[in-house]
$ cat work.cif   # mmCIF, C-alpha atoms and all ligand atoms
data_data
loop_
_atom_site.label_atom_id
_atom_site.label_comp_id
_atom_site.auth_asym_id
_atom_site.auth_seq_id
_atom_site.Cartn_x
_atom_site.Cartn_y
_atom_site.Cartn_z
CA MET C 726 7.45 74.04 25.26
CA THR C 727 6.87 70.79 23.28
CA SER C 728 7.18 68.60 26.38
CA ARG C 729 4.95 71.01 28.32
CA LEU C 730 2.37 70.80 25.51
CA GLU C 731 2.20 67.04 25.85
CA SER C 732 1.03 67.31 29.45
CA VAL C 733 -1.69 69.92 28.78
CA ASP C 734 -5.35 69.00 29.20
CA PHE C 735 -7.64 71.79 27.98
CA GLY C 736 -10.54 70.45 30.04
CA PHE C 737 -8.78 70.05 33.39
CA ASP C 738 -6.01 72.71 33.36
CA GLU C 739 -6.89 76.24 34.45
CA MET C 740 -4.16 77.91 32.36
CA PRO C 741 -4.43 81.34 34.01
CA GLY C 742 -3.51 84.53 32.19
CA ARG C 743 -0.60 84.22 29.77
CA GLU C 744 -0.31 80.47 30.26
CA LEU C 745 -3.20 79.63 27.93
CA HIS C 746 -1.95 82.05 25.30
CA ASP C 747 1.58 80.63 25.45
CA VAL C 748 0.20 77.13 24.91
CA LEU C 749 -2.02 78.22 22.01
CA ARG C 750 0.87 80.15 20.42
CA ALA C 751 3.16 77.13 20.66
CA HIS C 752 0.53 74.93 19.00
CA ARG C 753 -0.09 77.53 16.27
CA GLU C 754 3.62 77.72 15.50
CA GLN C 755 3.81 73.93 15.14
CA GLY C 756 0.84 73.34 12.84
CA PRO C 757 -2.80 74.14 12.07
CA VAL C 758 -4.23 71.01 13.75
CA GLU C 759 -2.40 69.57 16.74
CA ALA C 760 -2.94 66.56 18.98
CA THR C 761 -3.78 67.41 22.59
CA ARG C 762 -6.05 66.22 25.43
CA PHE C 763 -9.49 67.28 26.65
CA LEU C 764 -11.06 65.93 29.85
CA GLY C 765 -8.59 63.04 29.88
CA LEU C 766 -9.32 62.04 26.27
CA PRO C 767 -7.21 62.41 23.12
CA ALA C 768 -8.27 65.53 21.21
CA PHE C 769 -7.14 67.97 18.50
CA VAL C 770 -6.78 71.73 18.70
CA ILE C 771 -7.02 74.28 15.87
CA THR C 772 -5.41 77.61 16.76
CA GLY C 773 -4.64 79.72 13.65
CA TYR C 774 -7.14 82.25 12.33
CA ALA C 775 -7.41 80.94 8.73
CA PRO C 776 -7.75 77.24 9.59
CA LEU C 777 -10.24 78.01 12.35
CA LEU C 778 -12.38 80.10 10.01
CA ASP C 779 -12.43 77.15 7.58
CA ALA C 780 -13.27 74.73 10.39
CA PHE C 781 -16.20 76.88 11.58
CA LYS C 782 -17.65 76.76 8.06
CA ASP C 783 -17.00 73.04 7.60
CA GLY C 784 -20.19 71.37 8.77
CA GLU C 785 -19.23 68.16 6.92
CA ARG C 786 -16.13 67.35 8.94
CA PHE C 787 -17.19 69.15 12.12
CA PRO C 788 -21.00 68.92 12.40
CA PRO C 789 -21.76 71.82 14.75
CA HIS C 790 -24.71 70.24 16.59
CA ARG C 791 -23.00 66.99 17.71
CA MET C 792 -21.19 68.30 20.77
CA TYR C 793 -24.41 69.87 22.04
CA GLN C 794 -26.33 66.61 21.62
CA VAL C 795 -23.79 64.94 23.89
CA GLY C 796 -23.09 67.84 26.25
CA PHE C 797 -26.39 69.74 26.51
CA GLU C 798 -29.48 67.74 25.56
CA GLY C 799 -29.53 65.62 28.70
CA ALA C 800 -30.07 68.72 30.87
CA ILE C 801 -31.47 71.36 28.56
CA GLY C 802 -33.69 69.19 26.35
CA ARG C 803 -34.09 69.59 22.61
CA SER C 804 -33.40 73.16 21.56
CA PHE C 805 -32.03 74.62 18.32
CA ILE C 806 -28.41 74.47 19.53
CA SER C 807 -28.41 70.65 19.27
CA MET C 808 -30.59 70.39 16.15
CA GLU C 809 -29.39 69.83 12.60
CA ASP C 810 -30.43 72.10 9.77
CA PRO C 811 -33.13 72.64 8.56
CA ASP C 812 -34.74 72.33 12.05
CA HIS C 813 -31.88 74.30 13.62
CA ARG C 814 -32.49 77.24 11.30
CA VAL C 815 -36.27 77.23 11.80
CA TYR C 816 -36.21 77.08 15.62
CA ARG C 817 -33.32 79.55 15.87
CA LYS C 818 -35.32 82.05 13.85
CA LEU C 819 -38.32 81.55 16.13
CA ALA C 820 -36.45 81.81 19.41
CA THR C 821 -34.10 84.73 18.79
CA PRO C 822 -35.92 87.82 17.39
CA ALA C 823 -35.42 89.62 20.72
CA PHE C 824 -31.65 89.36 20.27
CA ARG C 825 -31.45 91.07 16.87
CA SER C 826 -29.65 94.37 16.69
CA ARG C 827 -32.74 96.63 16.51
CA ALA C 828 -34.56 94.83 19.34
CA VAL C 829 -31.46 95.14 21.54
CA GLU C 830 -31.20 98.87 20.79
CA SER C 831 -34.79 99.39 21.88
CA PHE C 832 -34.29 97.23 24.99
CA ALA C 833 -31.21 99.30 25.85
CA ARG C 834 -33.20 102.52 25.57
CA GLU C 835 -35.85 101.04 27.85
CA GLY C 836 -33.65 100.70 30.87
CA LEU C 837 -30.55 98.55 30.55
CA ALA C 838 -28.55 101.27 32.31
CA ASP C 839 -31.13 101.37 35.13
CA LEU C 840 -30.44 97.69 35.83
CA ALA C 841 -26.70 98.42 36.04
CA HIS C 842 -27.28 101.42 38.32
CA GLU C 843 -29.48 99.29 40.57
CA LEU C 844 -26.57 96.90 41.14
CA ALA C 845 -24.05 99.72 41.51
CA ASP C 846 -26.14 101.43 44.21
CA GLY C 847 -24.24 101.38 47.46
CA LEU C 848 -20.98 100.06 46.02
CA GLU C 849 -19.26 103.45 46.32
CA GLU C 850 -19.72 103.49 50.08
CA ARG C 851 -18.05 100.12 50.65
CA ALA C 852 -14.43 100.10 51.82
CA GLU C 853 -13.67 97.12 49.56
CA LEU C 854 -15.67 95.16 47.04
CA ASP C 855 -15.40 92.23 44.69
CA LEU C 856 -16.68 93.36 41.32
CA VAL C 857 -17.22 89.72 40.27
CA ALA C 858 -19.54 88.77 43.15
CA ASP C 859 -21.13 92.20 43.51
CA PHE C 860 -21.72 93.03 39.86
CA VAL C 861 -20.34 90.72 37.13
CA ALA C 862 -22.11 87.55 38.33
CA ARG C 863 -25.42 89.35 38.80
CA PHE C 864 -25.82 91.83 35.94
CA PRO C 865 -26.20 89.30 33.04
CA TYR C 866 -28.97 87.50 34.95
CA LEU C 867 -30.84 90.71 35.69
CA VAL C 868 -30.73 91.47 31.95
CA ILE C 869 -31.73 88.03 30.69
CA THR C 870 -34.47 87.76 33.35
CA ARG C 871 -35.90 91.06 32.17
CA LEU C 872 -35.71 90.00 28.51
CA LEU C 873 -37.33 86.65 29.14
CA GLY C 874 -39.97 88.31 31.30
CA LEU C 875 -39.30 86.17 34.39
CA PRO C 876 -40.20 87.23 37.92
CA ARG C 877 -37.25 88.23 40.04
CA ASP C 878 -37.96 86.24 43.20
CA ARG C 879 -35.50 83.37 42.52
CA GLU C 880 -32.80 85.56 40.99
CA GLU C 881 -29.89 84.42 43.08
CA GLU C 882 -30.53 80.83 41.95
CA PHE C 883 -30.22 81.65 38.22
CA HIS C 884 -26.44 81.71 38.25
CA HIS C 885 -26.31 78.38 40.07
CA TRP C 886 -28.88 76.76 37.72
CA ALA C 887 -27.07 78.11 34.64
CA LEU C 888 -23.68 76.75 35.73
CA ALA C 889 -25.15 73.38 36.67
CA LEU C 890 -26.86 73.09 33.26
CA LEU C 891 -23.68 74.00 31.38
CA ARG C 892 -21.66 71.49 33.40
CA PHE C 893 -24.02 68.63 32.55
CA ARG C 894 -21.20 66.33 31.44
CA ASP C 895 -19.26 66.78 34.71
CA ASP C 896 -22.25 66.27 36.99
CA PRO C 897 -25.41 64.99 35.24
CA ALA C 898 -27.37 64.55 38.48
CA ARG C 899 -26.80 68.16 39.56
CA ALA C 900 -27.69 69.38 36.06
CA ALA C 901 -30.91 67.35 36.03
CA LYS C 902 -31.89 68.79 39.43
CA ALA C 903 -31.19 72.36 38.23
CA GLY C 904 -33.19 71.69 35.04
CA ALA C 905 -36.16 70.40 37.05
CA GLU C 906 -36.07 73.38 39.46
CA LEU C 907 -35.89 75.84 36.59
CA THR C 908 -38.78 74.13 34.83
CA SER C 909 -41.04 74.26 37.87
CA PHE C 910 -40.18 77.94 38.16
CA LEU C 911 -41.01 78.47 34.46
CA ALA C 912 -44.26 76.49 34.24
CA PRO C 913 -46.59 79.09 35.83
CA VAL C 914 -44.92 81.90 33.84
CA VAL C 915 -45.48 80.10 30.52
CA GLU C 916 -49.08 79.40 31.50
CA ALA C 917 -49.64 83.07 32.37
CA ARG C 918 -48.09 84.27 29.07
CA ARG C 919 -50.29 81.87 27.10
CA ARG C 920 -53.33 83.53 28.71
CA GLU C 921 -51.98 87.06 28.40
CA PRO C 922 -48.88 87.68 26.26
CA ARG C 923 -46.57 90.58 27.13
CA ASN C 924 -43.57 92.18 25.48
CA ASP C 925 -40.98 89.51 26.36
CA VAL C 926 -39.21 86.47 24.90
CA ILE C 927 -41.45 83.89 26.60
CA SER C 928 -44.52 85.61 25.09
CA GLU C 929 -42.81 85.48 21.67
CA LEU C 930 -42.14 81.77 22.10
CA VAL C 931 -45.73 81.16 23.19
CA GLN C 932 -47.00 82.83 20.01
CA ALA C 933 -44.37 81.36 17.66
CA GLU C 934 -45.31 78.77 15.04
CA VAL C 935 -43.33 76.14 13.15
CA ASP C 936 -45.07 74.79 10.01
CA GLY C 937 -48.39 76.11 11.27
CA ARG C 938 -47.94 74.46 14.69
CA GLY C 939 -47.28 76.33 17.94
CA LEU C 940 -44.43 75.35 20.30
CA ASP C 941 -45.54 73.05 23.10
CA ASP C 942 -44.59 73.73 26.74
CA GLU C 943 -41.58 71.39 26.68
CA GLU C 944 -40.17 73.15 23.60
CA ILE C 945 -40.57 76.50 25.31
CA TYR C 946 -38.93 75.25 28.53
CA SER C 947 -35.96 73.83 26.63
CA HIS C 948 -35.37 77.10 24.78
CA VAL C 949 -35.46 79.07 28.03
CA ARG C 950 -33.17 76.46 29.62
CA LEU C 951 -30.83 77.18 26.68
CA LEU C 952 -30.95 81.00 26.64
CA LEU C 953 -30.55 81.54 30.38
CA PRO C 954 -27.13 79.84 30.73
CA THR C 955 -25.72 80.62 27.27
CA GLY C 956 -26.62 84.29 27.67
CA GLY C 957 -25.76 84.52 31.35
CA GLU C 958 -22.43 82.75 31.67
CA THR C 959 -20.83 84.13 28.49
CA THR C 960 -21.75 87.67 29.50
CA HIS C 961 -20.45 87.04 33.02
CA GLY C 962 -17.15 85.81 31.55
CA SER C 963 -16.73 88.63 29.03
CA LEU C 964 -17.55 91.34 31.56
CA GLY C 965 -15.12 89.83 34.07
CA ASN C 966 -12.40 89.66 31.42
CA LEU C 967 -13.07 93.23 30.25
CA LEU C 968 -12.82 94.63 33.80
CA SER C 969 -9.77 92.49 34.51
CA ALA C 970 -7.99 93.78 31.38
CA LEU C 971 -8.74 97.40 32.23
CA LEU C 972 -7.77 97.13 35.90
CA THR C 973 -4.50 95.32 35.19
CA HIS C 974 -3.42 97.80 32.48
CA GLU C 975 -2.54 100.87 34.42
CA GLY C 976 -4.33 104.06 33.48
CA SER C 977 -6.94 102.38 31.19
CA TRP C 978 -9.81 102.73 33.67
CA GLU C 979 -9.20 106.41 34.27
CA ALA C 980 -8.61 107.06 30.53
CA LEU C 981 -12.01 105.61 29.62
CA GLY C 982 -13.65 107.57 32.45
CA ARG C 983 -12.25 110.79 30.94
CA GLU C 984 -13.15 109.82 27.36
CA PRO C 985 -16.24 107.56 27.31
CA ALA C 986 -16.27 107.70 23.49
CA ARG C 987 -13.43 105.14 23.61
CA ILE C 988 -15.57 102.60 25.54
CA PRO C 989 -17.00 100.65 22.53
CA GLY C 990 -13.45 100.26 21.15
CA ALA C 991 -12.20 98.97 24.51
CA VAL C 992 -15.08 96.48 24.65
CA ASN C 993 -14.19 95.13 21.19
CA GLU C 994 -10.53 94.84 22.06
CA ALA C 995 -11.29 92.98 25.31
CA LEU C 996 -13.51 90.57 23.37
CA ARG C 997 -10.49 89.85 21.11
CA TRP C 998 -7.79 89.80 23.75
CA GLU C 999 -9.43 87.58 26.35
CA THR C 1000 -12.64 85.89 25.22
CA PRO C 1001 -14.80 83.85 27.63
CA VAL C 1002 -15.25 81.01 25.10
CA ALA C 1003 -11.48 80.72 24.69
CA VAL C 1004 -11.73 77.13 23.52
CA LEU C 1005 -14.91 75.73 21.95
CA PRO C 1006 -15.21 71.93 21.88
CA ARG C 1007 -16.63 70.32 18.72
CA MET C 1008 -17.08 66.65 17.97
CA SER C 1009 -15.91 65.48 14.56
CA ARG C 1010 -18.17 63.33 12.38
CA GLY C 1011 -18.64 59.60 12.93
CA GLU C 1012 -16.12 58.63 10.24
CA PRO C 1013 -12.42 59.51 9.95
CA VAL C 1014 -11.80 62.93 8.38
CA VAL C 1015 -8.70 64.68 7.08
CA PHE C 1016 -8.36 68.38 7.83
CA ARG C 1017 -5.31 70.38 6.70
CA GLY C 1018 -3.46 67.09 6.11
CA VAL C 1019 -4.13 65.66 9.58
CA GLU C 1020 -6.22 62.51 9.98
CA ILE C 1021 -8.82 62.83 12.73
CA PRO C 1022 -10.43 59.59 13.98
CA PRO C 1023 -14.27 59.29 14.15
CA ASP C 1024 -16.06 61.11 17.02
CA SER C 1025 -12.94 62.98 18.18
CA TRP C 1026 -12.96 66.08 20.34
CA VAL C 1027 -11.72 68.94 18.17
CA LEU C 1028 -11.07 72.11 20.13
CA PHE C 1029 -11.69 75.36 18.28
CA GLY C 1030 -9.00 77.59 19.76
CA ILE C 1031 -10.80 80.93 19.41
CA ALA C 1032 -8.39 82.65 21.83
CA GLY C 1033 -5.49 81.50 19.63
CA ALA C 1034 -7.09 82.77 16.40
CA ASN C 1035 -7.83 86.12 18.06
CA ARG C 1036 -4.09 86.50 18.71
CA ASP C 1037 -2.82 85.25 15.35
CA PRO C 1038 0.02 87.58 14.24
CA GLU C 1039 -0.98 86.98 10.59
CA VAL C 1040 -4.11 89.02 11.34
CA TYR C 1041 -3.32 91.27 14.31
CA ASP C 1042 -0.14 93.32 14.87
CA GLU C 1043 1.48 92.67 18.25
CA PRO C 1044 -1.45 90.42 19.13
CA ASP C 1045 -0.54 89.95 22.81
CA ARG C 1046 -0.76 93.69 23.48
CA PHE C 1047 -4.08 94.91 24.95
CA ASP C 1048 -4.74 98.21 23.17
CA ILE C 1049 -8.06 99.93 23.80
CA ASP C 1050 -7.69 101.91 20.56
CA ARG C 1051 -6.92 98.93 18.31
CA ARG C 1052 -10.33 98.58 16.56
CA PRO C 1053 -10.00 94.87 15.80
CA THR C 1054 -12.22 93.55 13.03
CA ASP C 1055 -13.48 90.06 12.30
CA VAL C 1056 -12.59 88.50 15.64
CA LEU C 1057 -13.81 84.91 16.01
CA THR C 1058 -15.14 85.52 19.53
CA PHE C 1059 -18.76 84.92 18.49
CA GLY C 1060 -18.01 82.00 16.18
CA ARG C 1061 -18.83 81.96 12.47
CA GLY C 1062 -21.18 80.17 10.09
CA VAL C 1063 -24.58 78.67 10.92
CA LYS C 1064 -24.06 78.81 14.68
CA SER C 1065 -22.58 82.31 14.91
CA CYS C 1066 -23.78 83.77 18.18
CA PRO C 1067 -27.33 85.16 18.06
CA GLY C 1068 -26.64 87.03 21.32
CA MET C 1069 -23.69 89.09 20.09
CA HIS C 1070 -25.53 92.43 19.86
CA LEU C 1071 -26.93 91.96 23.33
CA ALA C 1072 -23.52 90.93 24.66
CA ARG C 1073 -21.79 94.02 23.22
CA LYS C 1074 -24.54 96.29 24.50
CA ASN C 1075 -24.43 94.71 27.98
CA LEU C 1076 -20.68 95.21 28.19
CA THR C 1077 -20.78 98.79 26.96
CA VAL C 1078 -23.60 99.86 29.28
CA ALA C 1079 -22.16 98.03 32.30
CA LEU C 1080 -18.80 99.68 31.77
CA GLU C 1081 -20.30 103.15 31.28
CA VAL C 1082 -22.23 102.84 34.55
CA LEU C 1083 -19.30 101.42 36.54
CA LEU C 1084 -16.98 104.18 35.28
CA GLU C 1085 -19.52 106.81 36.26
CA ARG C 1086 -20.11 105.33 39.71
CA LEU C 1087 -16.56 104.18 40.51
CA PRO C 1088 -14.27 106.54 38.56
CA ALA C 1089 -11.04 105.55 40.35
CA LEU C 1090 -10.27 102.02 41.51
CA GLU C 1091 -7.32 100.26 43.06
CA LEU C 1092 -6.98 96.53 42.33
CA LEU C 1093 -6.19 94.68 45.57
CA ASP C 1094 -5.54 91.11 44.38
CA ARG C 1095 -3.85 90.74 40.97
CA GLU C 1096 -3.62 86.96 41.20
CA ALA C 1097 -7.39 86.41 41.58
CA ALA C 1098 -8.04 88.98 38.82
CA VAL C 1099 -6.37 86.85 36.16
CA PRO C 1100 -8.80 85.04 33.80
CA ARG C 1101 -8.63 81.26 34.14
CA ARG C 1102 -10.08 78.10 32.57
CA THR C 1103 -10.66 77.54 28.88
CA VAL C 1104 -14.25 76.81 27.82
CA LEU C 1105 -15.73 79.44 30.12
CA ARG C 1106 -12.82 81.68 30.98
CA SER C 1107 -13.01 84.53 33.47
CA PRO C 1108 -11.42 85.82 36.70
CA ASP C 1109 -12.57 84.35 40.02
CA ALA C 1110 -12.56 87.70 41.82
CA LEU C 1111 -11.91 91.39 41.15
CA ARG C 1112 -11.23 92.75 44.61
CA VAL C 1113 -10.97 96.53 44.49
CA ARG C 1114 -11.01 99.63 46.65
CA ALA C 1115 -12.69 102.80 45.42
CA VAL C 1116 -10.15 105.64 45.49
CA ARG C 1117 -11.70 108.88 46.63
CA GLY C 1118 -10.53 112.01 44.83
C1 LIG R 1 -19.53 87.90 25.06
C2 LIG R 1 -20.54 87.09 25.18
C3 LIG R 1 -20.72 85.90 24.27
C4 LIG R 1 -19.79 85.12 23.65
C5 LIG R 1 -18.27 85.24 23.72
C6 LIG R 1 -20.51 84.11 22.90
C7 LIG R 1 -19.89 83.15 22.11
C8 LIG R 1 -20.58 82.28 21.29
C9 LIG R 1 -19.96 81.40 20.34
C10 LIG R 1 -18.47 81.25 20.09
C11 LIG R 1 -20.95 80.70 19.72
C12 LIG R 1 -20.79 79.67 18.62
C13 LIG R 1 -20.94 78.27 19.17
C14 LIG R 1 -20.63 77.20 18.15
O1 LIG R 1 -20.18 77.48 17.03
O2 LIG R 1 -20.83 76.04 18.51
C15 LIG R 1 -22.21 81.13 20.31
C16 LIG R 1 -23.45 80.61 20.00
C17 LIG R 1 -24.58 80.87 20.74
N1 LIG R 1 -24.74 81.90 21.66
FE1 LIG R 1 -23.33 83.17 22.27
N2 LIG R 1 -21.85 84.28 23.12
C18 LIG R 1 -22.03 85.37 23.93
C19 LIG R 1 -23.24 85.89 24.36
C20 LIG R 1 -24.45 85.29 24.16
C21 LIG R 1 -25.71 85.77 24.66
C22 LIG R 1 -25.90 87.06 25.45
C23 LIG R 1 -26.66 84.85 24.29
C24 LIG R 1 -28.16 84.81 24.55
C25 LIG R 1 -28.91 85.70 24.80
C26 LIG R 1 -26.00 83.80 23.56
C27 LIG R 1 -26.62 82.68 23.05
C28 LIG R 1 -26.02 81.82 22.15
C29 LIG R 1 -26.73 80.69 21.54
C30 LIG R 1 -28.16 80.26 21.83
C31 LIG R 1 -25.82 80.10 20.65
C32 LIG R 1 -26.06 78.89 19.74
C33 LIG R 1 -26.43 79.35 18.34
C34 LIG R 1 -26.88 78.24 17.42
O3 LIG R 1 -26.93 77.08 17.82
O4 LIG R 1 -27.24 78.55 16.27
N3 LIG R 1 -24.67 84.11 23.49
N4 LIG R 1 -21.96 82.10 21.25
#

$ encode --input "work.cif" --output "structure tokens" --more "lines below"
Ligand code: HEM
Amino acid sequence: MTSRLESVDFGFDEMPGRELHDVLRAHREQGPVEATRFLGLPAFVITGYAPLLDAFKDGERFPPHRMYQVGFEGAIGRSFISMEDPDHRVYRKLATPAFRSRAVESFAREGLADLAHELADGLEERAELDLVADFVARFPYLVITRLLGLPRDREEEFHHWALALLRFRDDPARAAKAGAELTSFLAPVVEARRREPRNDVISELVQAEVDGRGLDDEEIYSHVRLLLPTGGETTHGSLGNLLSALLTHEGSWEALGREPARIPGAVNEALRWETPVAVLPRMSRGEPVVFRGVEIPPDSWVLFGIAGANRDPEVYDEPDRFDIDRRPTDVLTFGRGVKSCPGMHLARKNLTVALEVLLERLPALELLDREAAVPRRTVLRSPDALRVRAVRG
């Protein structure tokens, strides 16, 4: 495995299914911080649970905003994800009340399941379908559009804009174009909410104040340009991985259909077993640092191997086994420390409701293409397709 490890590039290699986990396990067994490559550059990877938890909390050595300044600001603009504290804390508090646990509960009561049913309508009648294209890629955008209070006329472009924005470093011109298109779509909505606020996130942003000053239009645009892709693509990935895990573990789908009370447990286990942010890139500080005895040069890529920590045998028994009744606690899927994910309640709720609706509408499924159903890639990991046939009873 050592020679194989030397040729791995976490940015370029797809590492489908077990492959990623084998690589992360091999690194974990060799040491807490290991040299590797990311997008053709030398990098380090941290894969054990305890060292990764320390690294998440270590803003000195691994300042959490730096990667986002390099990788996001050019397309998204200045939003709290790329700010340093105290600004980060202030703007995060302003932009995320709609994602707190109680707000998500009330949103869920107001019709989250209806959105899932709307997408599921007609799927039962089809001879074959691809759950990724027909449901997984669309549901998160329906939800986030509703939360933000955006009109639905450009819906099919959201996914494309979100991906282009997130891939700013690979293709800056495409990201800039997507950012400009999204902004011209947002401008009239922001103007309308300034005149007449409603019960949505853009109205909250319009009314928010920092130090007695309201957010200007550019600040509002950049926060929407942040929330649309971060909320959309991570939910897409986690839902794809959840469905993939259930459909490739025989009997799980039908078991959950018979006993829906086990659904929240299955959602938690899927978030541990195959997380969409399998590897989270950080940039180390601008001077050399030593972490767990390893010297890291200034401005190095340091990959936070969340998928490795989530399968650390020091914390989880038989970590490679997908067990819908496991009840894992303290997974690092949503990060930790100042940047821990503000969307985690919404993400869990989205997954639970989507799965409940799909199980109700498609109670028996046959997976047609196991190869395409395997999650792939590292930073945003998910299956490319989930081709299935509904089995009629
Ligand atoms: C299963 C789905 C999700 C996963 C696995 C996930 C994962 C993460 C992780 C690992 C972080 C920490 C990043 C870091 O430390 O640099 C994070 C932060 C963040 N997430 Fe999520 N996320 C999910 C869903 C969402 C949703 C639904 C939203 C929005 C509605 C969202 C918005 C954000 C934002 C804005 C941040 C940055 C927080 C900050 O800068 O303080 N995420 N997420």

$ closest_atom_pairs --input "work.cif" --of "range 864-940 of chain C" --to "range 819-826 of chain C" --cutoff "7 Å" --atoms "all atoms listed in the file" --output "CSV"
residue,atom,partner,partner_atom,distance
C:Val926,CA,C:Ala823,CA,6.5
C:Leu930,CA,C:Ala820,CA,6.3
C:Ala933,CA,C:Leu819,CA,6.2

$ residues_around --input "work.cif" --residues "Ala905 in chain C" --least-positions-apart "6" --cutoff "12 Å" --atoms "only C-alpha atoms" --output "list in words"
Gly799, Ala800, Ile801, Gly802, Trp886, Ala889, Leu890, Ala898, Arg899, Leu911, Ala912, Glu943, Tyr946, Ser947 and Arg950 of chain C

$ write_last_selection --input "work.cif" --atoms "C-alpha atoms" --output "compact mmCIF listing (two decimals), keeping the file's coordinate frame"
# COMPACT_ATOMS: atom_id res chain seq x y z
CA GLY C 799 -29.53 65.62 28.70
CA ALA C 800 -30.07 68.72 30.87
CA ILE C 801 -31.47 71.36 28.56
CA GLY C 802 -33.69 69.19 26.35
CA TRP C 886 -28.88 76.76 37.72
CA ALA C 889 -25.15 73.38 36.67
CA LEU C 890 -26.86 73.09 33.26
CA ALA C 898 -27.37 64.55 38.48
CA ARG C 899 -26.80 68.16 39.56
CA LEU C 911 -41.01 78.47 34.46
CA ALA C 912 -44.26 76.49 34.24
CA GLU C 943 -41.58 71.39 26.68
CA TYR C 946 -38.93 75.25 28.53
CA SER C 947 -35.96 73.83 26.63
CA ARG C 950 -33.17 76.46 29.62

$ residues_around --input "work.cif" --residues "Leu873 in chain C" --least-positions-apart "5" --cutoff "9 Å" --atoms "only C-alpha atoms" --output "MDAnalysis selection string"
chainID C and resid 868 925:928 949 952:953

$ closest_residue --input "work.cif" --among "C:Glu906, C:Arg729, C:Glu830, C:Ala901" --to "Arg879 in chain C" --atoms "only C-alpha atoms"
C:Glu906

$ atom_distance --input "work.cif" --atom1 "CA of Glu1012 in chain C" --atom2 "CA of Arg786 in chain C"
8.8 Å

$ closest_atom_pairs --input "work.cif" --of "chain C" --to "ligand LIG 1 (chain R)" --cutoff "7 Å" --atoms "all atoms listed in the file" --output "JSON lines"
{"residue": "C:Phe781", "atom": "CA", "partner": "R:LIG1", "partner_atom": "O1", "distance": 6.8}
{"residue": "C:Pro789", "atom": "CA", "partner": "R:LIG1", "partner_atom": "O2", "distance": 5.7}
{"residue": "C:Phe805", "atom": "CA", "partner": "R:LIG1", "partner_atom": "O3", "distance": 5.7}
{"residue": "C:Ile806", "atom": "CA", "partner": "R:LIG1", "partner_atom": "O3", "distance": 3.5}
{"residue": "C:Ser807", "atom": "CA", "partner": "R:LIG1", "partner_atom": "O3", "distance": 6.8}
{"residue": "C:His813", "atom": "CA", "partner": "R:LIG1", "partner_atom": "O4", "distance": 6.8}
{"residue": "C:Arg817", "atom": "CA", "partner": "R:LIG1", "partner_atom": "O4", "distance": 6.2}
{"residue": "C:Phe824", "atom": "CA", "partner": "R:LIG1", "partner_atom": "C25", "distance": 6.4}
{"residue": "C:Ile869", "atom": "CA", "partner": "R:LIG1", "partner_atom": "C25", "distance": 6.9}
{"residue": "C:Leu951", "atom": "CA", "partner": "R:LIG1", "partner_atom": "C30", "distance": 6.3}
{"residue": "C:Leu952", "atom": "CA", "partner": "R:LIG1", "partner_atom": "C24", "distance": 5.2}
{"residue": "C:Thr955", "atom": "CA", "partner": "R:LIG1", "partner_atom": "C27", "distance": 4.8}
{"residue": "C:Gly956", "atom": "CA", "partner": "R:LIG1", "partner_atom": "C23", "distance": 3.4}
{"residue": "C:Gly957", "atom": "CA", "partner": "R:LIG1", "partner_atom": "C22", "distance": 6.4}
{"residue": "C:Thr959", "atom": "CA", "partner": "R:LIG1", "partner_atom": "C2", "distance": 4.4}
{"residue": "C:Thr960", "atom": "CA", "partner": "R:LIG1", "partner_atom": "C2", "distance": 4.5}
{"residue": "C:Ser963", "atom": "CA", "partner": "R:LIG1", "partner_atom": "C1", "distance": 4.9}
{"residue": "C:Leu996", "atom": "CA", "partner": "R:LIG1", "partner_atom": "C1", "distance": 6.8}
{"residue": "C:Thr1000", "atom": "CA", "partner": "R:LIG1", "partner_atom": "C5", "distance": 5.9}
{"residue": "C:Pro1001", "atom": "CA", "partner": "R:LIG1", "partner_atom": "C5", "distance": 5.4}
{"residue": "C:Val1002", "atom": "CA", "partner": "R:LIG1", "partner_atom": "C5", "distance": 5.4}
{"residue": "C:Leu1005", "atom": "CA", "partner": "R:LIG1", "partner_atom": "C10", "distance": 6.8}
{"residue": "C:Thr1058", "atom": "CA", "partner": "R:LIG1", "partner_atom": "C5", "distance": 5.2}
{"residue": "C:Phe1059", "atom": "CA", "partner": "R:LIG1", "partner_atom": "C10", "distance": 4.0}
{"residue": "C:Gly1060", "atom": "CA", "partner": "R:LIG1", "partner_atom": "C10", "distance": 4.0}
{"residue": "C:Arg1061", "atom": "CA", "partner": "R:LIG1", "partner_atom": "O1", "distance": 6.5}
{"residue": "C:Val1063", "atom": "CA", "partner": "R:LIG1", "partner_atom": "O4", "distance": 6.0}
{"residue": "C:Lys1064", "atom": "CA", "partner": "R:LIG1", "partner_atom": "O4", "distance": 3.6}
{"residue": "C:Ser1065", "atom": "CA", "partner": "R:LIG1", "partner_atom": "C12", "distance": 4.9}
{"residue": "C:Cys1066", "atom": "CA", "partner": "R:LIG1", "partner_atom": "C16", "distance": 3.7}
{"residue": "C:Pro1067", "atom": "CA", "partner": "R:LIG1", "partner_atom": "C28", "distance": 5.4}
{"residue": "C:Gly1068", "atom": "CA", "partner": "R:LIG1", "partner_atom": "C23", "distance": 3.7}
{"residue": "C:Met1069", "atom": "CA", "partner": "R:LIG1", "partner_atom": "C19", "distance": 5.4}
{"residue": "C:Leu1071", "atom": "CA", "partner": "R:LIG1", "partner_atom": "C22", "distance": 5.4}
{"residue": "C:Ala1072", "atom": "CA", "partner": "R:LIG1", "partner_atom": "C22", "distance": 4.6}
{"residue": "C:Arg1073", "atom": "CA", "partner": "R:LIG1", "partner_atom": "C1", "distance": 6.8}

$ decode --input "work.cif" --residues "range 863-867 of chain C" --atoms "C-alpha atoms" --output "short mmCIF file (atom, residue, chain, number, x, y, z; two decimals), in the first residue's frame"
data_model
loop_
_atom_site.label_atom_id
_atom_site.label_comp_id
_atom_site.auth_asym_id
_atom_site.auth_seq_id
_atom_site.Cartn_x
_atom_site.Cartn_y
_atom_site.Cartn_z
CA ARG C 863 -33.21 18.42 -7.51
CA PHE C 864 -34.57 18.07 -3.97
CA PRO C 865 -31.87 20.14 -2.11
CA TYR C 866 -32.40 23.04 -4.54
CA LEU C 867 -36.16 22.97 -4.13
#
